[in-house]
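Participant: There's a structure below that I have some questions on.
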Amino acid sequence: MDKKYEAIGVLDSGLGGLSVLREAIKIMPNENFIYYGDSKNAPYGVKSSEQVKKLTFDVVEYLLCRGVKGIMVACNTATSAAVAELRIKYTDIPIVGIEPALKPAANSSKEGKILVMATPMTLKEVKFHKLLDRYRDMREIEPVPCGGLMEYVEQGILEGEELDAYLREKLEPFMDTKISSIVLGCTHYPFVRSAIAKVVGQDIDIIDGSLGTSRELMRRLKERDLLNDSMEKGTIEMINSSNKKELIDLCWKLIEM
């Protein structure tokens with residue numbers, strides 16, 4: 001089979017990467033996708049960098065054995081820990097990662113502080129601090145560690161009093177100053193965007209990097225003449241390391257949100 005008709009591999013520590021897959025499907029509807037959620041080993045955000053690197057390489061090896069033509073690491077934590085080394089080892093395949101979308105937040109004309117909600121590990125990584133340094137002189141940026149937030153999404157809790165209480169605890173300490181935007185630095189967080197807006201109000205922009213990451217993969221596939229030129233709608237295969245039917249069912253629910 002011509003390589004351009006092979007699937008694109010998308011991986012995440014669990015269900016969060018589905019927020020990126022949703023955007024990828026919108027701009028590349030005729031592509032085939034294999035989504036691998038590693039819920040068995042979630043959360044990645046509280047593990048060491050070496051642990052996350054090994055888990056990420058293991059999933060990538062699996063996807064490569066499936067013959068994928070490109071890989072999207074749809075997990076901020078895995079991107080920080082592993083993407084640079086993945087690109088060094090696998091030079092013959094386009095690999096993109098995701099990072100907090102600070103650029104559009106920093107370039108916004110809105111006045112106020114930028115909050116970056118992310119896992120503790122993402123905020124500790126050198127990759128994030130390099131990104132932060134790039135925009136620190138332009139805007140006041142405040143990292144907000146959100147250990148435990150991705151677990152709400154993994155359990156299908158996208159609204160409710162418990163989630164609201166968690167978000168108020170994390171965000172209310174910053175609400176006495178003017179906030180221009182909140183950057184979602186974990187791919188799980190777009191699924192609780194409405195709950196976040198409920199706490200901070202509708203005037204604050206809530207930004208994530210899903211579309212930008214999808215466009216970057218599309219660009220790299222086009223460079224290598226690997227875009228699927230079929231006129232048929234592509235397929236989606238869902239795989240989850242936990243092998244729990246309820247998680248696969250939740251995957252389909254989230255992708256259709």
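The way I read the labels, and the way they are meant: chains A, B, ... in the order of the structure tokens, residue 1 as the first residue of every chain, and ligand 1 as the first ligand shown, with later ones counted on from there.
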Any idea what's packed within 7 Å of Gly112 (chain A), counting only C-alpha atoms, ignoring anything in its chain fewer than 5 positions away? Could you give it as a count of residues only?

Facilitator: 3

Participant: As a ChimeraX atom specification, please: every residue in region 12-238 of chain A that DSSP puts in strand (DSSP E or B).

Facilitator: /A:12,33-37,70-73,95-96,113-118,141-145,179-184,205-207,236-238

Participant: Rank nothing, just name the residue among A:Ala165, A:Ile114, A:Leu21, A:Leu11 nearest to Thr177 (chain A), using only C-alpha atoms.

Facilitator: A:Ile114

Participant: Can you pull out every residue within 12 Å of Glu223 (chain A), counting only C-alpha atoms, but drop anything in the same chain fewer than 5 positions away, and send it as a list of chain:residue names?

Facilitator: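 Using only C-alpha atoms, the neighbours found are A:Lys4, A:Ile93, A:Pro94, A:Glu216, A:Leu217, A:Met218.
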
Participant: What would the file look like if the residues just selected were written as a PDB file, in the first residue's frame with N, CA and C atoms?

Facilitator:
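Result saved to selection-v9.pdb:
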ATOM      1  N   LYS A   4       1.059   6.995   1.830  1.00  0.00           N
ATOM      2  CA  LYS A   4       0.169   8.116   2.124  1.00  0.00           C
ATOM      3  C   LYS A   4      -1.217   7.661   2.592  1.00  0.00           C
ATOM      4  N   ILE A  93      10.244   9.678   9.819  1.00  0.00           N
ATOM      5  CA  ILE A  93       8.804   9.850   9.991  1.00  0.00           C
ATOM      6  C   ILE A  93       8.533  11.184  10.684  1.00  0.00           C
ATOM      7  N   PRO A  94       7.531  11.948  10.214  1.00  0.00           N
ATOM      8  CA  PRO A  94       7.229  13.214  10.895  1.00  0.00           C
ATOM      9  C   PRO A  94       6.639  12.967  12.285  1.00  0.00           C
ATOM     10  N   GLU A 216       0.469  21.739  12.213  1.00  0.00           N
ATOM     11  CA  GLU A 216       1.893  21.467  12.035  1.00  0.00           C
ATOM     12  C   GLU A 216       2.117  20.065  11.481  1.00  0.00           C
ATOM     13  N   LEU A 217       1.365  19.094  11.975  1.00  0.00           N
ATOM     14  CA  LEU A 217       1.499  17.737  11.435  1.00  0.00           C
ATOM     15  C   LEU A 217       1.062  17.709   9.974  1.00  0.00           C
ATOM     16  N   MET A 218      -0.025  18.377   9.671  1.00  0.00           N
ATOM     17  CA  MET A 218      -0.503  18.436   8.286  1.00  0.00           C
ATOM     18  C   MET A 218       0.572  19.041   7.370  1.00  0.00           C
TER      19      MET A 218
END

Participant: Please identify all polymer residues within 12 Å of Val83 (chain A), counting only C-alpha atoms, omitting same-chain residues fewer than 5 positions from it, and present them as a list of chain:residue names.

Facilitator: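 My reading of the contact set: A:Leu11, A:Ser49, A:Val52, A:Lys53, A:Lys54, A:Thr56, A:Phe57, A:Val60, A:Ile71, A:Met72, A:Val73, A:Ala74, A:Cys75, A:Asn76, A:Thr77, A:Ala78, A:Ile88, A:Lys89, A:Tyr90, A:Thr91, A:Pro94, A:Ile95, A:Val96, A:Gly97, A:Ile98, A:Glu99, A:Lys127.
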
Participant: Kindly give the distance, in Å, that separates CA of Ala106 (chain A) and CA of Asp137 (chain A), rounded to a single decimal.

Facilitator: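 Pair CA of Ala106 (chain A) / CA of Asp137 (chain A) returns 9.9 Å.
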
Participant: Determine, counting only C-alpha atoms, which protein, DNA and RNA residues have an atom within 6 Å of an atom of Asn32 (chain A); residues of the same chain fewer than 3 positions away are not included. Present the result as a list in words.

Facilitator: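 Once the nearby chain positions are removed, what remains is Ala7, Gly234, Thr235 and Ile236 of chain A.
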
Participant: Could those residues be written to a file, using C-alpha atoms, as a CSV table (one decimal), in the first residue's frame?

Facilitator:
chain,number,residue,atom,x,y,z
A,7,ALA,CA,-2.8,5.9,9.4
A,234,GLY,CA,-11.1,8.4,7.0
A,235,THR,CA,-11.3,5.8,9.8
A,236,ILE,CA,-10.5,6.1,13.5

Participant: To one decimal in Å, tell me the separation between CA of Gly9 (chain A) and CA of Ile239 (chain A).

Facilitator: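 That distance, rounded to one decimal, is 10.8 Å.
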
Participant: Between CA of Leu86 (chain A) and CA of Met150 (chain A), what is the distance in Å, rounded to a tenth?

Facilitator: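 Separating CA of Leu86 (chain A) from CA of Met150 (chain A) is a distance of 24.4 Å.
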
Participant: Would you please work out which residue, of A:Ser39, A:Ser230, A:Thr79, A:Ser19, is nearest to Asn243 (chain A) when using only C-alpha atoms?

Facilitator: A:Ser39

Participant: Using only C-alpha atoms, pick whichever of A:Pro29, A:Gly16, A:Pro120, A:Pro100 has the shortest atom-to-atom distance to Ser48 (chain A).

Facilitator: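 Of A:Pro29, A:Gly16, A:Pro120, A:Pro100, the one nearest Ser48 (chain A), counting only C-alpha atoms, is A:Pro120.
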